[in-house]
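Printed here is coords-v2.cif (mmCIF, C-alpha atoms and all ligand atoms):
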```cif
data_model
loop_
_atom_site.group_PDB
_atom_site.id
_atom_site.type_symbol
_atom_site.label_atom_id
_atom_site.label_comp_id
_atom_site.auth_asym_id
_atom_site.auth_seq_id
_atom_site.Cartn_x
_atom_site.Cartn_y
_atom_site.Cartn_z
ATOM 1 C CA MET A 1 -7.772 -50.961 -19.321
ATOM 2 C CA GLN A 2 -4.900 -50.231 -16.981
ATOM 3 C CA LEU A 3 -4.339 -46.966 -18.856
ATOM 4 C CA VAL A 4 -7.985 -45.947 -18.322
ATOM 5 C CA ARG A 5 -7.702 -46.713 -14.582
ATOM 6 C CA LEU A 6 -4.502 -44.668 -14.404
ATOM 7 C CA GLU A 7 -6.235 -41.798 -16.185
ATOM 8 C CA HIS A 8 -9.128 -41.925 -13.689
ATOM 9 C CA ARG A 9 -6.717 -41.965 -10.755
ATOM 10 C CA LEU A 10 -4.801 -38.995 -12.154
ATOM 11 C CA LEU A 11 -8.070 -37.125 -12.781
ATOM 12 C CA GLY A 12 -9.219 -37.865 -9.229
ATOM 13 C CA LEU A 13 -5.848 -36.757 -7.900
ATOM 14 C CA SER A 14 -5.844 -33.460 -9.798
ATOM 15 C CA LEU A 15 -9.519 -32.789 -8.873
ATOM 16 C CA GLY A 16 -8.606 -33.489 -5.258
ATOM 17 C CA LEU A 17 -5.709 -31.062 -5.504
ATOM 18 C CA VAL A 18 -7.926 -28.354 -7.027
ATOM 19 C CA LEU A 19 -10.564 -28.853 -4.321
ATOM 20 C CA THR A 20 -7.938 -28.830 -1.577
ATOM 21 C CA THR A 21 -6.427 -25.619 -2.928
ATOM 22 C CA GLU A 22 -9.872 -23.973 -3.174
ATOM 23 C CA PHE A 23 -10.741 -25.205 0.327
ATOM 24 C CA GLN A 24 -7.488 -23.790 1.695
ATOM 25 C CA ARG A 25 -8.196 -20.470 -0.036
ATOM 26 C CA LEU A 26 -11.729 -20.246 1.354
ATOM 27 C CA ASN A 27 -10.397 -21.149 4.793
ATOM 28 C CA THR A 28 -7.830 -18.388 4.571
ATOM 29 C CA MET A 29 -10.511 -16.041 3.258
ATOM 30 C CA SER A 30 -12.371 -16.381 6.549
ATOM 31 C CA ASP A 31 -9.428 -14.761 8.381
ATOM 32 C CA THR A 32 -10.007 -11.334 9.808
ATOM 33 C CA ILE A 33 -8.047 -8.309 8.659
ATOM 34 C CA ASP A 34 -6.169 -6.254 11.267
ATOM 35 C CA VAL A 35 -7.408 -2.736 10.591
ATOM 36 C CA ASN A 36 -6.030 0.437 12.127
ATOM 37 C CA GLU A 37 -8.615 2.943 10.885
ATOM 38 C CA ILE A 38 -11.285 3.434 8.229
ATOM 39 C CA PHE A 39 -12.115 6.969 7.165
ATOM 40 C CA GLY A 40 -13.505 9.175 4.439
ATOM 41 C CA PRO A 41 -14.884 10.326 2.175
ATOM 42 C CA THR A 42 -11.766 12.315 1.466
ATOM 43 C CA LEU A 43 -9.288 12.749 -1.362
ATOM 44 C CA GLN A 44 -6.169 10.792 -2.163
ATOM 45 C CA GLY A 45 -3.461 13.125 -0.909
ATOM 46 C CA GLU A 46 -0.377 11.738 -2.647
ATOM 47 C CA GLY A 47 0.971 10.231 -5.843
ATOM 48 C CA SER A 48 -0.477 9.918 -9.309
ATOM 49 C CA ALA A 49 -4.084 9.676 -8.084
ATOM 50 C CA ALA A 50 -3.802 12.776 -5.860
ATOM 51 C CA GLY A 51 -7.038 14.714 -5.718
ATOM 52 C CA GLN A 52 -9.296 11.760 -6.511
ATOM 53 C CA HIS A 53 -12.313 11.066 -4.328
ATOM 54 C CA CYS A 54 -11.792 8.064 -2.041
ATOM 55 C CA LEU A 55 -12.238 6.251 1.241
ATOM 56 C CA PHE A 56 -9.308 4.883 3.226
ATOM 57 C CA VAL A 57 -8.824 1.526 4.903
ATOM 58 C CA ARG A 58 -5.597 1.723 6.883
ATOM 59 C CA LEU A 59 -4.192 -1.607 8.012
ATOM 60 C CA ALA A 60 -1.987 -2.405 10.985
ATOM 61 C CA TYR A 61 1.696 -3.458 10.934
ATOM 62 C CA CYS A 62 4.687 -2.503 8.841
ATOM 63 C CA ASN A 63 7.832 -4.452 7.983
ATOM 64 C CA LEU A 64 9.851 -1.201 7.868
ATOM 65 C CA GLU A 65 10.535 1.525 10.447
ATOM 66 C CA CYS A 66 10.984 4.866 8.716
ATOM 67 C CA LYS A 67 12.404 7.628 10.914
ATOM 68 C CA TRP A 68 9.918 10.181 9.604
ATOM 69 C CA CYS A 69 6.878 7.851 9.407
ATOM 70 C CA ASP A 70 3.650 9.758 10.098
ATOM 71 C CA THR A 71 1.603 6.572 10.633
ATOM 72 C CA ALA A 72 3.791 4.953 13.297
ATOM 73 C CA TYR A 73 0.573 4.255 15.224
ATOM 74 C CA THR A 74 0.169 1.284 12.848
ATOM 75 C CA TRP A 75 3.398 -0.417 13.992
ATOM 76 C CA ALA A 76 5.239 1.198 16.925
ATOM 77 C CA PHE A 77 3.816 -1.007 19.675
ATOM 78 C CA THR A 78 7.007 -2.100 21.466
ATOM 79 C CA PRO A 79 9.732 -0.182 23.372
ATOM 80 C CA ASP A 80 12.168 -1.300 20.690
ATOM 81 C CA LYS A 81 10.126 0.244 17.855
ATOM 82 C CA ALA A 82 9.445 3.341 19.933
ATOM 83 C CA THR A 83 13.167 4.144 19.785
ATOM 84 C CA VAL A 84 12.512 4.978 16.097
ATOM 85 C CA SER A 85 9.056 6.583 16.352
ATOM 86 C CA ASN A 86 9.694 8.337 19.707
ATOM 87 C CA ILE A 87 6.234 7.225 20.855
ATOM 88 C CA GLN A 88 5.052 3.767 21.886
ATOM 89 C CA TYR A 89 1.454 3.310 20.771
ATOM 90 C CA ASP A 90 -1.129 1.102 22.452
ATOM 91 C CA LYS A 91 -1.533 -2.052 20.372
ATOM 92 C CA GLU A 92 -5.049 -2.880 21.573
ATOM 93 C CA ALA A 93 -6.313 0.616 20.781
ATOM 94 C CA ASN A 94 -4.781 0.633 17.308
ATOM 95 C CA ILE A 95 -5.559 -2.821 15.923
ATOM 96 C CA HIS A 96 -9.116 -3.853 15.151
ATOM 97 C CA PRO A 97 -9.568 -7.367 13.695
ATOM 98 C CA MET A 98 -12.448 -7.150 11.199
ATOM 99 C CA ALA A 99 -14.106 -9.456 8.691
ATOM 100 C CA ALA A 100 -14.206 -8.236 5.080
ATOM 101 C CA SER A 101 -18.001 -7.877 5.255
ATOM 102 C CA ASP A 102 -17.698 -5.637 8.339
ATOM 103 C CA ILE A 103 -15.195 -3.407 6.546
ATOM 104 C CA VAL A 104 -17.587 -3.046 3.604
ATOM 105 C CA SER A 105 -20.404 -2.146 6.045
ATOM 106 C CA GLU A 106 -18.193 0.480 7.715
ATOM 107 C CA LEU A 107 -17.330 1.977 4.332
ATOM 108 C CA GLU A 108 -20.999 2.049 3.375
ATOM 109 C CA LYS A 109 -21.793 3.912 6.628
ATOM 110 C CA LEU A 110 -19.273 6.591 5.660
ATOM 111 C CA TYR A 111 -20.347 6.909 2.032
ATOM 112 C CA PRO A 112 -22.966 5.121 -0.139
ATOM 113 C CA ILE A 113 -20.468 2.978 -2.070
ATOM 114 C CA MET A 114 -23.222 0.591 -3.177
ATOM 115 C CA ASP A 115 -24.894 3.396 -5.149
ATOM 116 C CA ARG A 116 -21.835 5.506 -5.829
ATOM 117 C CA PRO A 117 -18.720 3.351 -6.264
ATOM 118 C CA THR A 118 -15.507 5.218 -5.527
ATOM 119 C CA ASN A 119 -11.792 4.586 -4.959
ATOM 120 C CA ILE A 120 -10.929 2.555 -1.884
ATOM 121 C CA ILE A 121 -7.339 3.157 -0.806
ATOM 122 C CA ILE A 122 -5.901 0.273 1.179
ATOM 123 C CA SER A 123 -2.971 1.727 3.035
ATOM 124 C CA GLY A 124 -0.892 1.114 6.141
ATOM 125 C CA GLY A 125 1.546 0.416 7.533
ATOM 126 C CA GLU A 126 2.313 -2.161 4.894
ATOM 127 C CA PRO A 127 -0.992 -3.633 3.678
ATOM 128 C CA LEU A 128 0.675 -6.414 1.693
ATOM 129 C CA MET A 129 1.682 -8.042 5.000
ATOM 130 C CA GLN A 130 -2.000 -9.108 4.988
ATOM 131 C CA SER A 131 -2.193 -9.904 1.312
ATOM 132 C CA ARG A 132 -4.056 -13.203 1.721
ATOM 133 C CA GLN A 133 -6.519 -11.859 4.292
ATOM 134 C CA LEU A 134 -7.365 -8.989 1.907
ATOM 135 C CA GLU A 135 -8.604 -11.327 -0.833
ATOM 136 C CA PRO A 136 -12.314 -11.442 0.169
ATOM 137 C CA LEU A 137 -12.358 -7.669 0.737
ATOM 138 C CA VAL A 138 -11.039 -6.763 -2.716
ATOM 139 C CA GLN A 139 -13.377 -9.300 -4.299
ATOM 140 C CA ALA A 140 -16.366 -7.715 -2.493
ATOM 141 C CA LEU A 141 -15.262 -4.203 -3.490
ATOM 142 C CA ASP A 142 -14.881 -5.308 -7.080
ATOM 143 C CA LYS A 143 -18.466 -6.610 -7.042
ATOM 144 C CA LEU A 144 -19.539 -3.117 -5.951
ATOM 145 C CA ASP A 145 -17.572 -1.599 -8.870
ATOM 146 C CA CYS A 146 -15.218 0.203 -6.474
ATOM 147 C CA MET A 147 -11.622 0.771 -7.574
ATOM 148 C CA VAL A 148 -9.022 -0.681 -5.237
ATOM 149 C CA HIS A 149 -5.711 1.151 -4.765
ATOM 150 C CA ILE A 150 -2.979 -0.487 -2.705
ATOM 151 C CA GLU A 151 -0.251 1.631 -1.110
ATOM 152 C CA THR A 152 2.947 -0.302 -0.516
ATOM 153 C CA ALA A 153 6.662 0.234 0.063
ATOM 154 C CA GLY A 154 7.354 -2.407 -2.603
ATOM 155 C CA THR A 155 9.115 -5.003 -0.462
ATOM 156 C CA LEU A 156 6.368 -7.660 -0.730
ATOM 157 C CA LYS A 157 4.422 -8.986 -3.711
ATOM 158 C CA PRO A 158 0.643 -9.420 -3.522
ATOM 159 C CA THR A 159 -0.927 -12.856 -3.899
ATOM 160 C CA GLU A 160 -2.039 -13.658 -7.435
ATOM 161 C CA TYR A 161 -5.650 -13.684 -6.302
ATOM 162 C CA LEU A 162 -5.380 -10.225 -4.746
ATOM 163 C CA HIS A 163 -3.517 -8.898 -7.775
ATOM 164 C CA GLN A 164 -6.400 -9.581 -10.167
ATOM 165 C CA TYR A 165 -8.722 -7.259 -8.202
ATOM 166 C CA VAL A 166 -6.301 -4.362 -7.721
ATOM 167 C CA THR A 167 -6.891 -1.269 -9.860
ATOM 168 C CA GLN A 168 -3.681 0.551 -8.985
ATOM 169 C CA TYR A 169 -0.543 0.071 -6.916
ATOM 170 C CA ASN A 170 1.030 3.174 -5.399
ATOM 171 C CA VAL A 171 4.532 1.869 -4.769
ATOM 172 C CA SER A 172 6.740 3.978 -2.541
ATOM 173 C CA PRO A 173 10.228 2.470 -2.235
ATOM 174 C CA LYS A 174 12.107 3.872 0.728
ATOM 175 C CA LEU A 175 15.485 5.611 0.374
ATOM 176 C CA SER A 176 18.442 5.554 2.773
ATOM 177 C CA HIS A 177 17.207 8.650 4.645
ATOM 178 C CA SER A 178 14.322 6.515 5.939
ATOM 179 C CA GLY A 179 16.827 4.898 8.319
ATOM 180 C CA ASN A 180 15.971 1.308 7.290
ATOM 181 C CA ARG A 181 18.748 -1.189 6.440
ATOM 182 C CA THR A 182 19.208 -1.447 2.652
ATOM 183 C CA SER A 183 18.509 -5.195 2.648
ATOM 184 C CA LYS A 184 15.201 -4.536 4.412
ATOM 185 C CA ARG A 185 13.912 -1.609 2.375
ATOM 186 C CA PHE A 186 15.227 -2.412 -1.116
ATOM 187 C CA LYS A 187 14.013 -5.608 -2.817
ATOM 188 C CA PRO A 188 14.992 -5.234 -6.482
ATOM 189 C CA GLN A 189 13.140 -8.347 -7.654
ATOM 190 C CA VAL A 190 9.902 -7.223 -6.037
ATOM 191 C CA LEU A 191 10.277 -3.722 -7.508
ATOM 192 C CA GLN A 192 11.018 -5.208 -10.943
ATOM 193 C CA TRP A 193 7.791 -7.170 -10.677
ATOM 194 C CA PHE A 194 5.813 -4.029 -9.792
ATOM 195 C CA ALA A 195 7.560 -2.139 -12.613
ATOM 196 C CA SER A 196 6.354 -4.782 -15.086
ATOM 197 C CA GLN A 197 2.698 -4.259 -14.074
ATOM 198 C CA SER A 198 0.669 -1.634 -15.927
ATOM 199 C CA LYS A 199 -1.218 -0.955 -12.661
ATOM 200 C CA SER A 200 1.865 0.394 -10.876
ATOM 201 C CA TRP A 201 2.842 3.992 -10.157
ATOM 202 C CA PHE A 202 5.873 4.926 -8.085
ATOM 203 C CA LYS A 203 6.329 7.629 -5.496
ATOM 204 C CA PHE A 204 9.642 8.493 -3.829
ATOM 205 C CA VAL A 205 9.808 10.599 -0.675
ATOM 206 C CA VAL A 206 12.802 12.945 -0.970
ATOM 207 C CA GLN A 207 14.391 15.485 1.348
ATOM 208 C CA GLU A 208 17.349 16.782 -0.681
ATOM 209 C CA ILE A 209 18.432 17.060 -4.312
ATOM 210 C CA GLY A 210 21.021 14.364 -3.551
ATOM 211 C CA ASP A 211 18.178 11.896 -2.905
ATOM 212 C CA LEU A 212 17.300 12.097 -6.604
ATOM 213 C CA ILE A 213 20.557 10.277 -7.440
ATOM 214 C CA GLU A 214 19.394 7.357 -5.284
ATOM 215 C CA VAL A 215 16.014 7.486 -7.039
ATOM 216 C CA ASP A 216 17.748 7.384 -10.442
ATOM 217 C CA HIS A 217 19.668 4.237 -9.430
ATOM 218 C CA ILE A 218 16.536 2.424 -8.257
ATOM 219 C CA VAL A 219 14.606 3.475 -11.358
ATOM 220 C CA GLN A 220 17.383 2.149 -13.613
ATOM 221 C CA GLU A 221 18.099 -1.058 -11.736
ATOM 222 C CA CYS A 222 14.431 -2.009 -11.454
ATOM 223 C CA ASN A 223 13.373 -0.986 -14.989
ATOM 224 C CA ILE A 224 10.857 1.523 -13.695
ATOM 225 C CA SER A 225 9.358 3.676 -16.424
ATOM 226 C CA ILE A 226 10.353 7.309 -15.796
ATOM 227 C CA ASP A 227 6.880 8.607 -16.656
ATOM 228 C CA ARG A 228 5.483 6.493 -13.802
ATOM 229 C CA VAL A 229 7.669 8.188 -11.178
ATOM 230 C CA MET A 230 6.442 10.920 -8.859
ATOM 231 C CA ILE A 231 8.778 12.713 -6.473
ATOM 232 C CA MET A 232 7.115 13.597 -3.196
ATOM 233 C CA PRO A 233 8.786 16.226 -0.989
ATOM 234 C CA GLU A 234 8.939 15.094 2.631
ATOM 235 C CA GLY A 235 7.238 17.225 5.257
ATOM 236 C CA ILE A 236 4.628 16.719 7.943
ATOM 237 C CA LYS A 237 3.821 20.461 8.064
ATOM 238 C CA PRO A 238 2.633 22.383 4.934
ATOM 239 C CA SER A 239 5.536 24.839 5.205
ATOM 240 C CA ASP A 240 8.104 21.999 5.316
ATOM 241 C CA ASN A 241 6.432 20.252 2.369
ATOM 242 C CA LEU A 242 6.662 23.461 0.327
ATOM 243 C CA VAL A 243 10.279 24.215 1.295
ATOM 244 C CA VAL A 244 11.439 20.735 0.231
ATOM 245 C CA ALA A 245 9.302 20.902 -2.947
ATOM 246 C CA ARG A 246 10.970 24.172 -3.966
ATOM 247 C CA ARG A 247 14.361 22.614 -3.283
ATOM 248 C CA VAL A 248 13.880 19.546 -5.486
ATOM 249 C CA ALA A 249 11.142 20.302 -8.052
ATOM 250 C CA ARG A 250 13.245 21.706 -10.901
ATOM 251 C CA GLU A 251 15.831 18.896 -10.767
ATOM 252 C CA ALA A 252 13.089 16.264 -10.603
ATOM 253 C CA ILE A 253 11.203 17.720 -13.577
ATOM 254 C CA ASN A 254 14.397 17.924 -15.634
ATOM 255 C CA ARG A 255 14.876 14.183 -15.087
ATOM 256 C CA GLY A 256 11.350 13.435 -16.391
ATOM 257 C CA TYR A 257 9.770 12.770 -12.988
ATOM 258 C CA GLY A 258 6.470 14.241 -11.779
ATOM 259 C CA ILE A 259 5.947 16.030 -8.467
ATOM 260 C CA SER A 260 3.388 15.116 -5.837
ATOM 261 C CA PHE A 261 2.545 17.409 -2.964
ATOM 262 C CA ARG A 262 0.989 16.000 0.193
ATOM 263 C CA THR A 263 -2.417 17.545 -0.555
ATOM 264 C CA HIS A 264 -4.152 16.363 2.633
ATOM 265 C CA ILE A 265 -1.445 18.046 4.736
ATOM 266 C CA LEU A 266 -1.805 21.324 2.827
ATOM 267 C CA LEU A 267 -5.605 21.207 3.212
ATOM 268 C CA TRP A 268 -5.952 19.988 6.788
ATOM 269 C CA PRO A 269 -2.693 20.739 8.649
ATOM 270 C CA GLU A 270 -4.392 20.752 12.042
ATOM 271 C CA VAL A 271 -5.602 17.133 11.773
ATOM 272 C CA ASP A 272 -3.074 14.334 12.227
ATOM 273 C CA ARG A 273 -5.229 11.263 11.564
ATOM 274 C CA GLY A 274 -8.045 10.320 9.229
ATOM 275 C CA ARG A 275 -7.706 13.218 6.795
HETATM 276 S S1 LIG A 301 6.893 2.018 5.027
HETATM 277 FE FE1 LIG A 301 5.330 3.575 5.321
HETATM 278 S S2 LIG A 301 4.139 2.899 7.102
HETATM 279 FE FE2 LIG A 301 6.033 1.703 7.074
HETATM 280 S S3 LIG A 301 7.384 2.832 8.432
HETATM 281 FE FE3 LIG A 301 7.793 3.554 6.354
HETATM 282 S S4 LIG A 301 6.473 5.361 6.075
HETATM 283 FE FE4 LIG A 301 5.731 4.217 7.882
#
```

Would you write the structure of this file as structure tokens?
Amino acid sequence: MQLVRLEHRLLGLSLGLVLTTEFQRLNTMSDTIDVNEIFGPTLQGEGSAAGQHCLFVRLAYCNLECKWCDTAYTWAFTPDKATVSNIQYDKEANIHPMAASDIVSELEKLYPIMDRPTNIIISGGEPLMQSRQLEPLVQALDKLDCMVHIETAGTLKPTEYLHQYVTQYNVSPKLSHSGNRTSKRFKPQVLQWFASQSKSWFKFVVQEIGDLIEVDHIVQECNISIDRVMIMPEGIKPSDNLVVARRVAREAINRGYGISFRTHILLWPEVDRGR
């Protein structure tokens, strides 16, 4: 009899735990997402999915500060950060807290995703800083049969819940020329986790042939499959992108890596946001 009572208590306890966990998750799911911009339809400009039709949801904040970042308007809101980006952006004007349902409505206004599901690229900044808040959004997009791509620098893991709804990770680990401290930009355990996921593709921004040696080390240390690596020449202007591409392409190809141009920059050089 005592055993039965103990069993009931344990059952009640575990049910309580499950309900508490679910309650906490739903509570968290009501959080808003800090969005920088939503735009499209356009094409994915970079990486293994380059050229594919998509819409972009760009989130605010980044945990890194790359010297050549072309989306510093997602994170350079303080005088301190502006020493890296050279411009201090207005925080209020660049962060828009939105519920997941509002983001879906905005996407639908731009393109009929309910009738014609497409790729939704969740970019940043570093979108995985809002991993938990993204959960209801990716779930809603999944219900609409949209494919969810997450762009990340590979320093943070997604929540398990988010992970199950992601179609593809575009992981772009940052090299030393980004200007970030090694301990900040390089998280081998996180990269090893991404490397073990069939959804992951990797993209390395390079400036010089010498950068490929750093790429090789990261690829080896983190067990990244060579055929999942794309080398992306740095360059904010089309001419710069092409010059760097010509400098590094042959060496990259010989190593087994692919090359990714920055297609949106080649197509729309005169636009600096939302292309
Ligand atoms: S990780 Fe990306 S968004 Fe963040 S600073 Fe570097 S280039 Fe910019």

| query | Around (-5.6, 15.9, -5.6) in the file's own coordinates, what residues are found within 12 Å if you use all atoms listed in the file, given back as a count of residues only? | reply | 22

I'd like the neighbourhood of Gln192 of chain A as a CSV table (one decimal) with C-alpha atoms, keeping the file's coordinate frame, where a residue qualifies if any of its atoms comes within 12 Å (using only C-alpha atoms), though same-chain residues fewer than 2 positions away should be ignored.
```
chain,number,residue,atom,x,y,z
A,154,GLY,CA,7.4,-2.4,-2.6
A,155,THR,CA,9.1,-5.0,-0.5
A,156,LEU,CA,6.4,-7.7,-0.7
A,157,LYS,CA,4.4,-9.0,-3.7
A,171,VAL,CA,4.5,1.9,-4.8
A,173,PRO,CA,10.2,2.5,-2.2
A,186,PHE,CA,15.2,-2.4,-1.1
A,187,LYS,CA,14.0,-5.6,-2.8
A,188,PRO,CA,15.0,-5.2,-6.5
A,189,GLN,CA,13.1,-8.3,-7.7
A,190,VAL,CA,9.9,-7.2,-6.0
A,194,PHE,CA,5.8,-4.0,-9.8
A,195,ALA,CA,7.6,-2.1,-12.6
A,196,SER,CA,6.4,-4.8,-15.1
A,197,GLN,CA,2.7,-4.3,-14.1
A,200,SER,CA,1.9,0.4,-10.9
A,202,PHE,CA,5.9,4.9,-8.1
A,218,ILE,CA,16.5,2.4,-8.3
A,219,VAL,CA,14.6,3.5,-11.4
A,220,GLN,CA,17.4,2.1,-13.6
A,221,GLU,CA,18.1,-1.1,-11.7
A,222,CYS,CA,14.4,-2.0,-11.5
A,223,ASN,CA,13.4,-1.0,-15.0
A,224,ILE,CA,10.9,1.5,-13.7
A,225,SER,CA,9.4,3.7,-16.4
```

With 10 Å as the cut-off and all atoms listed in the file counted, what is the closest atom pair between each nearby residue of chain A and ligand LIG 301 (chain A)? Distances in Å to one decimal, ordered by chain and number, as JSON lines.
```
{"residue": "A:Arg58", "atom": "CA", "partner": "A:LIG301", "partner_atom": "S2", "distance": 9.8}
{"residue": "A:Leu59", "atom": "CA", "partner": "A:LIG301", "partner_atom": "S2", "distance": 9.5}
{"residue": "A:Ala60", "atom": "CA", "partner": "A:LIG301", "partner_atom": "S2", "distance": 9.0}
{"residue": "A:Tyr61", "atom": "CA", "partner": "A:LIG301", "partner_atom": "FE2", "distance": 7.8}
{"residue": "A:Cys62", "atom": "CA", "partner": "A:LIG301", "partner_atom": "FE2", "distance": 4.8}
{"residue": "A:Asn63", "atom": "CA", "partner": "A:LIG301", "partner_atom": "FE2", "distance": 6.5}
{"residue": "A:Leu64", "atom": "CA", "partner": "A:LIG301", "partner_atom": "S3", "distance": 4.8}
{"residue": "A:Glu65", "atom": "CA", "partner": "A:LIG301", "partner_atom": "S3", "distance": 4.0}
{"residue": "A:Cys66", "atom": "CA", "partner": "A:LIG301", "partner_atom": "S3", "distance": 4.1}
{"residue": "A:Lys67", "atom": "CA", "partner": "A:LIG301", "partner_atom": "S3", "distance": 7.4}
{"residue": "A:Trp68", "atom": "CA", "partner": "A:LIG301", "partner_atom": "S4", "distance": 6.9}
{"residue": "A:Cys69", "atom": "CA", "partner": "A:LIG301", "partner_atom": "FE4", "distance": 4.1}
{"residue": "A:Asp70", "atom": "CA", "partner": "A:LIG301", "partner_atom": "FE4", "distance": 6.3}
{"residue": "A:Thr71", "atom": "CA", "partner": "A:LIG301", "partner_atom": "FE4", "distance": 5.5}
{"residue": "A:Ala72", "atom": "CA", "partner": "A:LIG301", "partner_atom": "FE4", "distance": 5.8}
{"residue": "A:Tyr73", "atom": "CA", "partner": "A:LIG301", "partner_atom": "FE4", "distance": 9.0}
{"residue": "A:Thr74", "atom": "CA", "partner": "A:LIG301", "partner_atom": "S2", "distance": 7.2}
{"residue": "A:Trp75", "atom": "CA", "partner": "A:LIG301", "partner_atom": "S3", "distance": 7.6}
{"residue": "A:Ala76", "atom": "CA", "partner": "A:LIG301", "partner_atom": "S3", "distance": 8.9}
{"residue": "A:Val84", "atom": "CA", "partner": "A:LIG301", "partner_atom": "S3", "distance": 9.5}
{"residue": "A:Ser85", "atom": "CA", "partner": "A:LIG301", "partner_atom": "S3", "distance": 8.9}
{"residue": "A:Ser123", "atom": "CA", "partner": "A:LIG301", "partner_atom": "S2", "distance": 8.3}
{"residue": "A:Gly124", "atom": "CA", "partner": "A:LIG301", "partner_atom": "S2", "distance": 5.4}
{"residue": "A:Gly125", "atom": "CA", "partner": "A:LIG301", "partner_atom": "S2", "distance": 3.6}
{"residue": "A:Glu126", "atom": "CA", "partner": "A:LIG301", "partner_atom": "FE2", "distance": 5.8}
{"residue": "A:Pro127", "atom": "CA", "partner": "A:LIG301", "partner_atom": "S2", "distance": 9.0}
{"residue": "A:Glu151", "atom": "CA", "partner": "A:LIG301", "partner_atom": "FE1", "distance": 8.7}
{"residue": "A:Thr152", "atom": "CA", "partner": "A:LIG301", "partner_atom": "S1", "distance": 7.2}
{"residue": "A:Ala153", "atom": "CA", "partner": "A:LIG301", "partner_atom": "S1", "distance": 5.3}
{"residue": "A:Gly154", "atom": "CA", "partner": "A:LIG301", "partner_atom": "S1", "distance": 8.8}
{"residue": "A:Thr155", "atom": "CA", "partner": "A:LIG301", "partner_atom": "S1", "distance": 9.2}
{"residue": "A:Ser172", "atom": "CA", "partner": "A:LIG301", "partner_atom": "S1", "distance": 7.8}
{"residue": "A:Pro173", "atom": "CA", "partner": "A:LIG301", "partner_atom": "S1", "distance": 8.0}
{"residue": "A:Lys174", "atom": "CA", "partner": "A:LIG301", "partner_atom": "S1", "distance": 7.0}
{"residue": "A:Leu175", "atom": "CA", "partner": "A:LIG301", "partner_atom": "FE3", "distance": 10.0}
{"residue": "A:Ser178", "atom": "CA", "partner": "A:LIG301", "partner_atom": "FE3", "distance": 7.2}
{"residue": "A:Gly179", "atom": "CA", "partner": "A:LIG301", "partner_atom": "FE3", "distance": 9.3}
{"residue": "A:Asn180", "atom": "CA", "partner": "A:LIG301", "partner_atom": "FE3", "distance": 8.5}
{"residue": "A:Arg185", "atom": "CA", "partner": "A:LIG301", "partner_atom": "S1", "distance": 8.3}
{"residue": "A:Val205", "atom": "CA", "partner": "A:LIG301", "partner_atom": "S4", "distance": 9.2}
```

If we count all atoms listed in the file and set the cut-off at 8 Å, which residues sit around Ile33 of chain A, ignoring sequence neighbours fewer than 6 positions away in its own chain? Please answer as a PDB file with C-alpha atoms, in the frame of the given file.
```
ATOM      1  CA  LEU A  59      -4.192  -1.607   8.012  1.00  0.00           C
ATOM      2  CA  HIS A  96      -9.116  -3.853  15.151  1.00  0.00           C
ATOM      3  CA  PRO A  97      -9.568  -7.367  13.695  1.00  0.00           C
ATOM      4  CA  MET A  98     -12.448  -7.150  11.199  1.00  0.00           C
ATOM      5  CA  ALA A  99     -14.106  -9.456   8.691  1.00  0.00           C
ATOM      6  CA  ALA A 100     -14.206  -8.236   5.080  1.00  0.00           C
ATOM      7  CA  GLN A 130      -2.000  -9.108   4.988  1.00  0.00           C
ATOM      8  CA  GLN A 133      -6.519 -11.859   4.292  1.00  0.00           C
ATOM      9  CA  LEU A 134      -7.365  -8.989   1.907  1.00  0.00           C
TER      10      LEU A 134
END
```

| said: What would the selection look like, as a ChimeraX atom specification, if the PyMOL selection byres (((chain A and resi 110) around 9) and not hetatm) were run on the coordinates I just shared? | reply: /A:38-41,55,105-109,111-113

Shell around Ile213 of chain A at 12 Å using all atoms listed in the file, local window under 2 positions removed, as a short mmCIF file (atom, residue, chain, number, x, y, z; two decimals) with C-alpha atoms, in the frame of the given file:
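Written file, part25.cif:
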```cif
data_model
loop_
_atom_site.label_atom_id
_atom_site.label_comp_id
_atom_site.auth_asym_id
_atom_site.auth_seq_id
_atom_site.Cartn_x
_atom_site.Cartn_y
_atom_site.Cartn_z
CA LEU A 175 15.48 5.61 0.37
CA SER A 176 18.44 5.55 2.77
CA PHE A 204 9.64 8.49 -3.83
CA VAL A 206 12.80 12.94 -0.97
CA GLN A 207 14.39 15.48 1.35
CA GLU A 208 17.35 16.78 -0.68
CA ILE A 209 18.43 17.06 -4.31
CA GLY A 210 21.02 14.36 -3.55
CA ASP A 211 18.18 11.90 -2.90
CA VAL A 215 16.01 7.49 -7.04
CA ASP A 216 17.75 7.38 -10.44
CA HIS A 217 19.67 4.24 -9.43
CA ILE A 218 16.54 2.42 -8.26
CA VAL A 219 14.61 3.48 -11.36
CA GLN A 220 17.38 2.15 -13.61
CA VAL A 248 13.88 19.55 -5.49
CA GLU A 251 15.83 18.90 -10.77
CA ALA A 252 13.09 16.26 -10.60
CA ARG A 255 14.88 14.18 -15.09
#
```

Spatial neighbours of Pro117 of chain A, 7 Å, all atoms listed in the file, chain gap at least 2 places, as a PDB file with C-alpha atoms, in the coordinates of the input:
```pdb
ATOM      1  CA  ILE A 113     -20.468   2.978  -2.070  1.00  0.00           C
ATOM      2  CA  MET A 114     -23.222   0.591  -3.177  1.00  0.00           C
ATOM      3  CA  ASP A 115     -24.894   3.396  -5.149  1.00  0.00           C
ATOM      4  CA  LEU A 144     -19.539  -3.117  -5.951  1.00  0.00           C
ATOM      5  CA  ASP A 145     -17.572  -1.599  -8.870  1.00  0.00           C
ATOM      6  CA  CYS A 146     -15.218   0.203  -6.474  1.00  0.00           C
TER       7      CYS A 146
END
```

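Using all atoms listed in the file, the smallest distance between any of A:Ile253, A:Ile236, A:Met147, A:Leu242 and Glu270 of chain A comes from A:Ile236.
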
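Closest approach to Gly235 of chain A among A:Pro269, A:Val104, A:Glu37, A:His163: A:Pro269, based on all atoms listed in the file.
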